[in-house]
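Here the structure is laid out as structure tokens; the discussion comes afterwards.
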Amino acid sequence: MPIIDIVTLCFRYPDGTLGLDRICLGIEKGTLVVVTGPNGSGKTTLLKHLNGLLRPQSGSVKIDGVDVAQDTPRARRLVGMIFQDADSQIVGETVAADVAFGPENLSLPAAEVGARVEAALEAVGLTTLADQTPQSLSGGEKRRLSIAGVLAMHPQIVAFDEPFAGLDYPGTRQVLREMLRLQQAGHTLVVATHDLEKIIYHADRLIVMNGGRVVKDGPPAGIVGEVESFGVRAPCVSRLGLEAQSWLS
Amino acid sequence: MAQLNAFGYRPGRSVLHGLDVRFKFCALFMLMLTAMNCRPLPLAVMSLLAAVAARRLGFSLQGILAELRYFLLLLVLIFTARAFTTPGTPLPDLPWLPVSREGMQAGAVTVWRLFLVVLFGLLFVATTRAATIKAAVVWFLRPFPRLPAQRIGTMLGLVLRFIPLVFLQASATLDAQRARGVESRRNPFYRLTCFAIPFLRRLFLSADRFTEAMEARCYTETRTELVLLARPRDWWLLSGVAGAIGLLWLM
């Protein structure tokens with residue numbers, strides 16, 4: 001059974017704009033799935049349905065067999081969401097306080113919260129910055145802080161919305177490294193991005209969206225050459241007819 | 001990297017950082033009341049102590065004045081109003097100016113008091129995490145059964161958390177407008193409109209994103225609360241401040 005099971009999901013924004021149109025997807029546990037498409041294609045709207053930030057107008061989203069609409073708190077525990085704008089998801093005044101925000105919302109005992117914060121900061125290499133204000137961090141560090149904040153809630157799935165936006169080369173590598181570490185630890189990753197260059201080498205599956213619909217879905221090697229017809233720039237190596245390379249190599 | 005401003009929490013390990021927030025609240029309340037009512041000599045002593053504490057926490061006078069520039073304008077207005085409206089002896093060197101010596105003295109003391117109160121507030125905010133302020137508010141409101149203590153505490157915590165971000169956004173919007181030559185426009189209403197619309201739009205968008213991020217991380221009012229612990233040094237602080245204030249009243 002797929003860990004994410006989406007059946008004929010439709011969503012329209014209050015102003016009438018079509019967000020998602022009959023999306024059907026099953027995502028297997030432990031995979032790294034890249035969702036791509038031009039601006040307004042429905043990538044972020046799709047991610048927001050995974051943990052109930054948006055509710056389907058028809059169709060359903062099931063996480064590990066349970067409908068998100070029926071048990072939204074469970075879905076939010078299981079699906080960690082890393083937003084595009086790292087600043088807007090920083091809630092704490094210090095790095096450690098921000099990571100503690102999620103576990104505190106789960107009403108865990110204080111000692112358990114402390115242990116989770118410590119483990120999450122260690123996992124993303126921010127232990128030494130625990131007492132710093134998040135505003136003083138670099139872009140890459142803020143993104144890693146967002147990851148730590150989600151990791152401390154022990155999710156099974158981590159959804160990334162444009163994880164490389166605004167990051168320099170070292171920042172991109174830091175975040176990419178964290179993503180791969182998460183996958184190796186058994187997490188399922190759903191990455192929405194139009195910047196395929198940086199992630200495609202590591203993707204198990206590529207989903208192309210356009211106008212709220214899934215227009216291509218399959219192994220990256222098979223469809224990456226066709227993405228330009230949907231308004232997404234293909235990776236350079238693919239344009240040159242070369243094999244994809246990791247940004248970490 | 002985002003610039004820090006004076007209105008946010010500054011991580012540190014100073015004595016002020018380590019004190020129980022409930023005792024700090026009480027001490028702050030007593031100090032503010034005293035600052036608003038005492039004579040100039042005790043005011044000078046309190047100002048000196050506040051200045052030393054600010055210096056130890058890494059504040060610079062220029063930094064504080066720059067951050068409080070709009071508040072300083074208000075202080076100038078208050079001083080002017082007092083100087084012009086308080087009856088008394090005209091200034092001997094400027095007899096044509098309709099201000100009185102007593103009015104200027106009263107204005108200066110009022111401005112001094114207000115500045116000191118703000119400085120105390122600044123020191124409190126700089127050394128106290130919003131989460132602990134929220135916990136203290138909940139603790140203080142708990143005896144009142146009809147008040148939603150958790151919600152009030154959360155709202156206060158979010159306001160405190162948001163103040164530095166509001167200033168950062170205002171500064172970014174102003175920079176963007178300066179870069180497009182807004183300073184060449186003399187009409188203040190035009191400039192205000194140009195500033196307010198993008199600033200407010202951005203602010204509301206940020207608030208939306210912030211709420212979404214809190215929801216995504218399972219925000220609830222029944223979350224794990226911070227445990228506030230009073231230690232002997234907190235009692236010493238409170239007694240010390242109360243004693244010092246008593247002495248200041250005798251001065």
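Order determines the names: the first chain of the structure tokens is A, the second B, and so forth; residues in each chain are numbered 1 upward, and ligands are numbered 1 upward as they are shown.
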>> Please identify all residues of chain B having at least one atom at most 8 Å from any atom of chain A, considering only C-alpha atoms, and return them as a count of residues only.
In response: 30
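Using only C-alpha atoms, the residues found no farther than 12 Å from A:Glu122, other than those of its own chain fewer than 2 positions away, are Ala96, Val99, Ala115, Arg116, Val117, Glu118, Ala119, Ala120, Val124, Gly125, Leu126, Thr127, Thr128, Leu129, Ala130, Arg144, Leu145, Ile147, Ala148, Gly149, Leu151, Ala152 and Glu178 of chain A.
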Put those residues in a file: N, CA and C atoms, as a PDB file, in the first residue's frame.
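again_4.pdb, freshly written:
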```
ATOM      1  N   ALA A  96      17.079  26.674  19.144  1.00  0.00           N
ATOM      2  CA  ALA A  96      16.553  25.538  19.920  1.00  0.00           C
ATOM      3  C   ALA A  96      15.060  25.719  20.205  1.00  0.00           C
ATOM      4  N   VAL A  99      13.019  24.775  17.177  1.00  0.00           N
ATOM      5  CA  VAL A  99      12.907  23.320  16.958  1.00  0.00           C
ATOM      6  C   VAL A  99      11.929  22.711  17.970  1.00  0.00           C
ATOM      7  N   ALA A 115      15.117  16.199  24.458  1.00  0.00           N
ATOM      8  CA  ALA A 115      15.871  15.145  23.771  1.00  0.00           C
ATOM      9  C   ALA A 115      15.663  15.225  22.261  1.00  0.00           C
ATOM     10  N   ARG A 116      14.436  15.493  21.858  1.00  0.00           N
ATOM     11  CA  ARG A 116      14.143  15.578  20.408  1.00  0.00           C
ATOM     12  C   ARG A 116      14.845  16.784  19.781  1.00  0.00           C
ATOM     13  N   VAL A 117      14.849  17.905  20.523  1.00  0.00           N
ATOM     14  CA  VAL A 117      15.503  19.112  20.006  1.00  0.00           C
ATOM     15  C   VAL A 117      16.986  18.834  19.799  1.00  0.00           C
ATOM     16  N   GLU A 118      17.587  18.223  20.810  1.00  0.00           N
ATOM     17  CA  GLU A 118      19.017  17.929  20.735  1.00  0.00           C
ATOM     18  C   GLU A 118      19.318  17.024  19.535  1.00  0.00           C
ATOM     19  N   ALA A 119      18.513  15.956  19.389  1.00  0.00           N
ATOM     20  CA  ALA A 119      18.748  15.002  18.303  1.00  0.00           C
ATOM     21  C   ALA A 119      18.546  15.669  16.938  1.00  0.00           C
ATOM     22  N   ALA A 120      17.498  16.500  16.824  1.00  0.00           N
ATOM     23  CA  ALA A 120      17.212  17.129  15.523  1.00  0.00           C
ATOM     24  C   ALA A 120      18.305  18.123  15.151  1.00  0.00           C
ATOM     25  N   VAL A 124      21.061  17.906  11.817  1.00  0.00           N
ATOM     26  CA  VAL A 124      21.279  18.883  10.730  1.00  0.00           C
ATOM     27  C   VAL A 124      22.531  19.736  10.976  1.00  0.00           C
ATOM     28  N   GLY A 125      23.283  19.377  12.017  1.00  0.00           N
ATOM     29  CA  GLY A 125      24.550  20.077  12.276  1.00  0.00           C
ATOM     30  C   GLY A 125      24.398  21.505  12.767  1.00  0.00           C
ATOM     31  N   LEU A 126      23.372  21.753  13.574  1.00  0.00           N
ATOM     32  CA  LEU A 126      23.185  23.123  14.079  1.00  0.00           C
ATOM     33  C   LEU A 126      23.334  23.192  15.605  1.00  0.00           C
ATOM     34  N   THR A 127      23.892  22.147  16.202  1.00  0.00           N
ATOM     35  CA  THR A 127      23.982  22.114  17.666  1.00  0.00           C
ATOM     36  C   THR A 127      24.706  23.339  18.215  1.00  0.00           C
ATOM     37  N   THR A 128      25.760  23.758  17.551  1.00  0.00           N
ATOM     38  CA  THR A 128      26.553  24.886  18.085  1.00  0.00           C
ATOM     39  C   THR A 128      25.796  26.213  17.984  1.00  0.00           C
ATOM     40  N   LEU A 129      24.759  26.255  17.178  1.00  0.00           N
ATOM     41  CA  LEU A 129      24.012  27.518  17.010  1.00  0.00           C
ATOM     42  C   LEU A 129      22.703  27.517  17.807  1.00  0.00           C
ATOM     43  N   ALA A 130      22.560  26.536  18.721  1.00  0.00           N
ATOM     44  CA  ALA A 130      21.280  26.357  19.418  1.00  0.00           C
ATOM     45  C   ALA A 130      20.783  27.625  20.113  1.00  0.00           C
ATOM     46  N   ARG A 144      18.024  24.481   6.970  1.00  0.00           N
ATOM     47  CA  ARG A 144      18.336  23.313   7.806  1.00  0.00           C
ATOM     48  C   ARG A 144      17.585  23.392   9.131  1.00  0.00           C
ATOM     49  N   LEU A 145      17.403  24.630   9.634  1.00  0.00           N
ATOM     50  CA  LEU A 145      16.615  24.797  10.866  1.00  0.00           C
ATOM     51  C   LEU A 145      15.164  24.357  10.634  1.00  0.00           C
ATOM     52  N   ILE A 147      14.228  22.128   8.565  1.00  0.00           N
ATOM     53  CA  ILE A 147      14.252  20.659   8.514  1.00  0.00           C
ATOM     54  C   ILE A 147      14.299  20.093   9.929  1.00  0.00           C
ATOM     55  N   ALA A 148      15.141  20.715  10.782  1.00  0.00           N
ATOM     56  CA  ALA A 148      15.253  20.241  12.166  1.00  0.00           C
ATOM     57  C   ALA A 148      13.905  20.373  12.882  1.00  0.00           C
ATOM     58  N   GLY A 149      13.207  21.492  12.637  1.00  0.00           N
ATOM     59  CA  GLY A 149      11.912  21.728  13.271  1.00  0.00           C
ATOM     60  C   GLY A 149      10.914  20.646  12.905  1.00  0.00           C
ATOM     61  N   LEU A 151      11.885  17.538  11.691  1.00  0.00           N
ATOM     62  CA  LEU A 151      12.434  16.244  12.144  1.00  0.00           C
ATOM     63  C   LEU A 151      12.092  15.952  13.598  1.00  0.00           C
ATOM     64  N   ALA A 152      12.056  17.019  14.409  1.00  0.00           N
ATOM     65  CA  ALA A 152      11.794  16.838  15.845  1.00  0.00           C
ATOM     66  C   ALA A 152      10.385  16.306  16.095  1.00  0.00           C
ATOM     67  N   GLU A 178      21.158  17.052   3.496  1.00  0.00           N
ATOM     68  CA  GLU A 178      20.164  16.723   4.539  1.00  0.00           C
ATOM     69  C   GLU A 178      19.018  15.899   3.959  1.00  0.00           C
TER      70      GLU A 178
END
```
Could you write out, as a PDB file with C-alpha atoms, in the first residue's frame, all the residues of stretch 155-227 of chain A that DSSP marks as helix (DSSP H, G or I)?
```
ATOM      1  CA  TYR A 169      25.937  26.788  -3.946  1.00  0.00           C
ATOM      2  CA  PRO A 170      27.134  25.765  -0.442  1.00  0.00           C
ATOM      3  CA  GLY A 171      23.601  26.309   0.930  1.00  0.00           C
ATOM      4  CA  THR A 172      22.124  24.142  -1.814  1.00  0.00           C
ATOM      5  CA  ARG A 173      24.620  21.377  -1.099  1.00  0.00           C
ATOM      6  CA  GLN A 174      23.887  21.532   2.638  1.00  0.00           C
ATOM      7  CA  VAL A 175      20.162  21.164   2.069  1.00  0.00           C
ATOM      8  CA  LEU A 176      20.602  18.448  -0.557  1.00  0.00           C
ATOM      9  CA  ARG A 177      22.832  16.494   1.817  1.00  0.00           C
ATOM     10  CA  GLU A 178      20.164  16.723   4.539  1.00  0.00           C
ATOM     11  CA  MET A 179      17.501  15.537   2.124  1.00  0.00           C
ATOM     12  CA  LEU A 180      19.491  12.476   1.156  1.00  0.00           C
ATOM     13  CA  ARG A 181      20.237  11.738   4.798  1.00  0.00           C
ATOM     14  CA  LEU A 182      16.494  11.825   5.485  1.00  0.00           C
ATOM     15  CA  GLN A 183      15.824   9.425   2.656  1.00  0.00           C
ATOM     16  CA  GLN A 184      18.526   7.059   3.875  1.00  0.00           C
ATOM     17  CA  LEU A 196      15.409  20.131 -11.557  1.00  0.00           C
ATOM     18  CA  GLU A 197      19.138  20.596 -12.048  1.00  0.00           C
ATOM     19  CA  LYS A 198      19.921  20.205  -8.351  1.00  0.00           C
ATOM     20  CA  ILE A 200      17.043  15.140 -10.504  1.00  0.00           C
ATOM     21  CA  TYR A 201      20.072  12.850 -10.100  1.00  0.00           C
ATOM     22  CA  HIS A 202      18.718  11.638  -6.746  1.00  0.00           C
ATOM     23  CA  PRO A 220      13.237  10.790 -14.332  1.00  0.00           C
ATOM     24  CA  ALA A 221      15.449   9.460 -17.111  1.00  0.00           C
ATOM     25  CA  GLY A 222      12.407   8.676 -19.229  1.00  0.00           C
ATOM     26  CA  ILE A 223      10.644  12.026 -19.048  1.00  0.00           C
ATOM     27  CA  VAL A 224      13.182  14.677 -18.128  1.00  0.00           C
ATOM     28  CA  GLY A 225      13.761  15.427 -21.798  1.00  0.00           C
ATOM     29  CA  GLU A 226      10.115  16.385 -22.243  1.00  0.00           C
ATOM     30  CA  VAL A 227       9.749  18.852 -19.370  1.00  0.00           C
TER      31      VAL A 227
END
```
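Rounded to one decimal, atom CA of B:Arg186 and atom CA of B:Tyr70 lie 19.0 Å from each other.
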>> Ranking A:Ser229, A:Thr44, A:Ser60, A:Thr188 by minimum distance to A:Arg205 and counting only C-alpha atoms, which one comes first?
In response: A:Thr188
>> At a cut-off of 10 Å, using only C-alpha atoms, what residues contact B:Leu68? Leave out same-chain residues fewer than 3 positions from it and give the result as an MDAnalysis selection string.
In response: chainID B and resid 6:7 62:65 71:74 115 118:119
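Residues in contact range of stretch 50-60 of chain B, defined as at most 10 Å between only C-alpha atoms, with sequence neighbours fewer than 5 positions away removed, read Ala6, Arg10, Pro11, Gly12, Arg13, Ser14, Leu16, His17, Ala44, Val45, Leu65, Ala66, Leu116, Val117, Leu119, Phe120, Leu122, Leu123, Ala126 and Thr127 of chain B.
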Using the selection just defined, write its residues with N, CA and C atoms as a CSV table (one decimal), in the first residue's frame.
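Below you can see part.csv, which holds the result:
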```csv
chain,number,residue,atom,x,y,z
B,6,ALA,N,16.7,46.5,17.8
B,6,ALA,CA,16.7,46.6,19.2
B,6,ALA,C,15.5,46.0,19.9
B,10,ARG,N,17.7,39.1,22.6
B,10,ARG,CA,19.1,39.0,22.3
B,10,ARG,C,19.6,37.8,23.2
B,11,PRO,N,20.0,36.7,22.5
B,11,PRO,CA,20.4,35.5,23.3
B,11,PRO,C,21.6,35.9,24.2
B,12,GLY,N,21.8,35.4,25.3
B,12,GLY,CA,22.9,35.7,26.2
B,12,GLY,C,22.8,34.9,27.5
B,13,ARG,N,23.9,35.1,28.3
B,13,ARG,CA,23.9,34.4,29.6
B,13,ARG,C,24.1,35.4,30.7
B,14,SER,N,23.6,36.6,30.6
B,14,SER,CA,23.8,37.6,31.6
B,14,SER,C,22.8,37.2,32.8
B,16,LEU,N,20.5,39.1,33.9
B,16,LEU,CA,19.1,39.4,33.6
B,16,LEU,C,18.5,38.3,32.7
B,17,HIS,N,19.3,37.7,31.9
B,17,HIS,CA,18.8,36.6,31.1
B,17,HIS,C,18.3,35.4,32.0
B,44,ALA,N,18.1,60.1,37.9
B,44,ALA,CA,19.4,60.1,37.4
B,44,ALA,C,20.1,58.8,37.8
B,45,VAL,N,19.9,58.3,39.1
B,45,VAL,CA,20.5,57.1,39.5
B,45,VAL,C,19.9,55.9,38.7
B,65,LEU,N,19.2,55.1,19.8
B,65,LEU,CA,18.6,56.3,19.3
B,65,LEU,C,18.0,56.1,17.8
B,66,ALA,N,18.8,55.4,17.1
B,66,ALA,CA,18.4,55.1,15.7
B,66,ALA,C,17.1,54.3,15.7
B,116,LEU,N,13.3,56.7,29.8
B,116,LEU,CA,13.8,55.7,30.8
B,116,LEU,C,12.8,54.5,30.8
B,117,VAL,N,11.5,54.7,30.8
B,117,VAL,CA,10.5,53.7,30.8
B,117,VAL,C,10.7,52.8,29.6
B,119,LEU,N,13.4,52.4,27.9
B,119,LEU,CA,14.7,51.7,28.0
B,119,LEU,C,14.6,50.5,28.9
B,120,PHE,N,13.8,50.7,30.0
B,120,PHE,CA,13.6,49.5,30.8
B,120,PHE,C,12.8,48.4,30.0
B,122,LEU,N,12.9,47.9,26.9
B,122,LEU,CA,13.9,47.4,25.9
B,122,LEU,C,14.8,46.3,26.6
B,123,LEU,N,15.3,46.6,27.8
B,123,LEU,CA,16.1,45.7,28.5
B,123,LEU,C,15.4,44.4,28.8
B,126,ALA,N,14.8,42.4,25.6
B,126,ALA,CA,16.1,41.9,25.0
B,126,ALA,C,16.6,40.7,25.8
B,127,THR,N,16.2,40.6,27.1
B,127,THR,CA,16.7,39.5,27.9
B,127,THR,C,15.7,38.4,28.2
```
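Among the candidates A:Met209, A:Val158, A:Val66, A:Ile23, the one nearest to A:Gly40 when counting only C-alpha atoms is A:Met209.
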> Contacts of B:Leu75 at 10 Å or less, counting only C-alpha atoms, minus same-chain residues fewer than 2 places along, as a ChimeraX atom specification?
Replying inline: /B:69-73,77-81,107-108,110-112,114-115
> Taking the backbone alone, and naming residues the way the document does, which bits of stretch 39-184 of chain A are strand (DSSP E or B) by DSSP, as a PyMOL selection string?
Replying inline: chain A and resi 58-63+66-67+79-82+157-161
> What's the 9 Å shell around A:Gly65, counting only C-alpha atoms, without same-chain residues fewer than 6 positions away, as a ChimeraX atom specification?
Replying inline: /A:1-5
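If you measure from each of B:Pro95, B:Phe195, B:Arg22, B:Gly157 to B:Glu183 using only C-alpha atoms, the closest one turns out to be B:Phe195.
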>> When you look at B:Ala242 with a cut-off of 10 Å (counting only C-alpha atoms), what residues show up, excluding the ones that are within fewer than 6 positions of it in the same chain? I need them as a ChimeraX atom specification.
In response: /B:26-27,30-31,236,248
Grab the residues selected above and save them as a CSV table (one decimal), in the first residue's frame with N, CA and C atoms.
```
chain,number,residue,atom,x,y,z
B,26,CYS,N,7.6,41.8,37.8
B,26,CYS,CA,7.3,42.6,39.0
B,26,CYS,C,8.3,43.7,39.1
B,27,ALA,N,9.6,43.4,38.9
B,27,ALA,CA,10.6,44.4,39.1
B,27,ALA,C,10.4,45.5,38.0
B,30,MET,N,7.6,47.8,39.0
B,30,MET,CA,8.0,48.8,40.1
B,30,MET,C,8.9,49.9,39.6
B,31,LEU,N,9.9,49.5,38.7
B,31,LEU,CA,10.8,50.4,38.2
B,31,LEU,C,10.1,51.5,37.3
B,236,TRP,N,16.0,37.5,45.8
B,236,TRP,CA,16.9,38.5,46.1
B,236,TRP,C,16.8,39.7,45.2
B,248,LEU,N,15.4,55.2,46.9
B,248,LEU,CA,15.3,56.3,45.9
B,248,LEU,C,14.1,57.3,46.3
```
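A straight line drawn from atom CA of A:Leu9 to atom CA of A:Pro56 is 6.3 Å long.
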